[in-house]
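For reference, the structure is listed below as structure tokens.
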Amino acid sequence: MSTETKAPDAFEPKIVAFVCNWCTYLGADLAGTNRLEYPANVRIIRLPCTGRIDFNLIVKAFEIGADAVLVSGCHPGDCHYTAGNFHARRRWKLFRELLDTVGVDLNRVYFSWISAAEGAKFQSLVTEIVEKTKAMGPYQEYKSIVAES
Amino acid sequence: MENELRNAIRELFANQGVGVAIGYGRVGVDGAVGAVFVTSPDDVDQLVWNNECRQNLAVHLTRPEVKALGKIAIVCKPCDARAVVVLANEAQIKREDLVVVGVVCEGIRNVKPDGSTSDKDYPKCETCVQHVPANVDVVIGETSKGEALDAKNAEVATTAGHQAKLAKLRAMSAEERFQYWRDEFSRCVRCYACRQSCPLCYCNRCVADKNRPARIDTSASLKGNFAWNILRAFHLAGRCVGCGACASACPAGIELDLLNLTLANAAKEHFGFVAGTEVGAAPLIGTYDRDDKEEFIR
């Protein structure tokens with residue numbers, strides 16, 4: 001653990017990660033048991049399958065203050081339910097286009113395939129997301145529409 | 001053309017055992033055109049056809065009280081006829097219990113949200129790609145403006161003008177786009193006219209009406225309006241036929257169909273899919289291909 005004290009006003013982004021129970025969640029677990037340190041900014045939400053991840057959850061995450069969202073599941077062909085990730089992949093391809101037209105910052109929405117063996121990939125991806133989000137700053141635009149509601 | 005339409009419907013009552021004909025008639029106090037449900041051949045003269053027939057009548061096909069009237073004949077513009085195809089593909093209607101009377105359409109007159117009209121075409125129709133209905137049982141009228149578009153030569157049902165508008169929007173920065181929709185959605189009052197006018201928004205209980213748990217903020221707040229409009233558009237991904245009923249029903253004049261057009265363009269570009277053009281087509285979302293694009297996935 002780092003013992004440096006951070007400036008009290010330093011921006012710590014909130015990252016919401018919607019992960020699949022069968023792969024990325026175990027990958028994150030593996031990162032933990034291997035003592036691979038990754039930033040504590042990520043809030044992991046475990047779901048049965050990426051195919052279960054409703055697009056509303058992404059919108060909801062931004063509504064409750066997320067600065068970036070990660071959706072992560074099994075590599076193609078590895079789905080516990082055979083095809084959940086294939087369905088998800090097609091859905092996200094279209095959903096990203098919609099978010100783009102609405103003006104949601106696509107640099108704050110990440111998708112990845114991380115298997116149960118890829119603890120190091122989880123660590124490096126989360127670290128990268130946190131660093132990039134820190135550089136971008138808080139997601140003021142979405143926070144402002146919530147503040148006005 | 002109006003007489004041709006009435007004669008065709010009379011004929012259907014006489015020979016095909018039709019119980020109800022859904023068409024356009026002057027139903028408003030000021031003579032505004034809306035849906036009429038003709039249940040007797042004697043009333044067929046109520047039916048009209050002109051450039052004020054804006055609504056997509058396919059919205060009534062899924063209503064149980066309409067189904068209860070017997071075999072249905074329905075008047076469809078070319079864009080509306082695509083909605084019938086999607087409804088049948090999604091097993092919401094039995095196509096064989098239905099007679100689709102397609103009318104050749106050269107564009108619908110624009111009616112602004114304040115009720116005033118202009119002789120300029122409804123924005124969607126200015127340069128529409130389809131004037132002759134496809135996948136219908138009877139075609140009424142003729143035009144020199146091109147032929148029917150079906151699965152073989154499918155195009156996204158929209159217009160060059162609308163595409164240009166979307167292209168202009170997409171050329172802006174993300175911040176500008178967000179600001180644009182922020183201004184637009186701030187006028188949304190959550191009347192759900194977009195949902196009610198859409199033939200493909202047929203869920204008996206909409207997710208927006210569910211409150212345990214509430215999926216989206218049901219008040220007309222800015223965050224709820226963003227969530228609702230994203231939800232509405234995406235539930236129509238790969239299904240929207242581009243009839244524009246949502247945008248024309250919107251009392252706030254929000255161009256909701258730009259969101260649907262984004263998804264229709266994406267479906268065509270990435271998956272070669274145009275909703276409502278192929279009878280029996282499997283739904284776009286609900287099927288998959290092992291080789292679907294995934295360049296955005298890390």
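Quick note on naming: the chains in the structure tokens go A, B, ... in the order shown, residues restart at 1 in each chain, and ligands are numbered from 1 in order of appearance.
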
Inset, instruction - Restrict the distance test to only C-alpha atoms, flag each residue of chain A within 7 Å of chain B, and return the flagged residues as an MDAnalysis selection string. - result: chainID A and resid 59 86:87 89:91 94 97:98 101:105 111:113 145:146 148:149

Inset, instruction - Find the residues near Gly27 of chain A: any atom within 9 Å, counting only C-alpha atoms, skip ones fewer than 6 places away on the same chain, and give them as a ChimeraX atom specification. - result: /A:114-123

Legend entry - segment 26-43 of chain B environment, 10 Å, only C-alpha atoms, sequence neighbours closer than 5 positions dropped, as a count of residues only: 30

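When atom CA of Ala252 of chain B is paired with atom CA of Phe185 of chain B, their separation reads 9.0 Å.
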
Inset, instruction - Pick out the closest residue to Ile108 of chain B from this set: B:Leu61, B:Ala164, B:Cys125, B:Cys194. Count only C-alpha atoms. - result: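 The closest residue to Ile108 of chain B is B:Cys125.
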
Legend entry - Point-to-point distance from atom CA of Gly272 of chain B to atom CA of His131 of chain B, Å rounded to tenths: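 If I compute the distance from atom CA of Gly272 of chain B to atom CA of His131 of chain B, I get 21.9 Å.
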
Inset, instruction - Could you give me the residues within chain A that DSSP places in helix (DSSP H, G or I), as a ChimeraX atom specification? - result: /A:24-33,50-52,55-63,84-102,106-108,119-136,140-147

DSSP strand (DSSP E or B) residues within segment 82-126 of chain A, as an mmCIF file with N, CA and C atoms, in the first residue's frame:
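So the final result, stored in result.cif, reads:
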```
data_model
loop_
_atom_site.group_PDB
_atom_site.id
_atom_site.type_symbol
_atom_site.label_atom_id
_atom_site.label_comp_id
_atom_site.auth_asym_id
_atom_site.auth_seq_id
_atom_site.Cartn_x
_atom_site.Cartn_y
_atom_site.Cartn_z
ATOM 1 N N VAL A 109 -16.690 5.137 -21.698
ATOM 2 C CA VAL A 109 -17.386 3.842 -21.716
ATOM 3 C C VAL A 109 -16.445 2.807 -22.331
ATOM 4 N N TYR A 110 -16.093 1.809 -21.545
ATOM 5 C CA TYR A 110 -15.127 0.803 -21.992
ATOM 6 C C TYR A 110 -15.779 -0.574 -22.050
ATOM 7 N N PHE A 111 -15.343 -1.340 -23.034
ATOM 8 C CA PHE A 111 -15.779 -2.739 -23.116
ATOM 9 C C PHE A 111 -14.537 -3.599 -23.211
ATOM 10 N N SER A 112 -14.554 -4.751 -22.550
ATOM 11 C CA SER A 112 -13.378 -5.622 -22.656
ATOM 12 C C SER A 112 -13.772 -7.078 -22.468
ATOM 13 N N TRP A 113 -12.916 -7.955 -22.972
ATOM 14 C CA TRP A 113 -13.012 -9.383 -22.688
ATOM 15 C C TRP A 113 -11.869 -9.711 -21.732
#
```
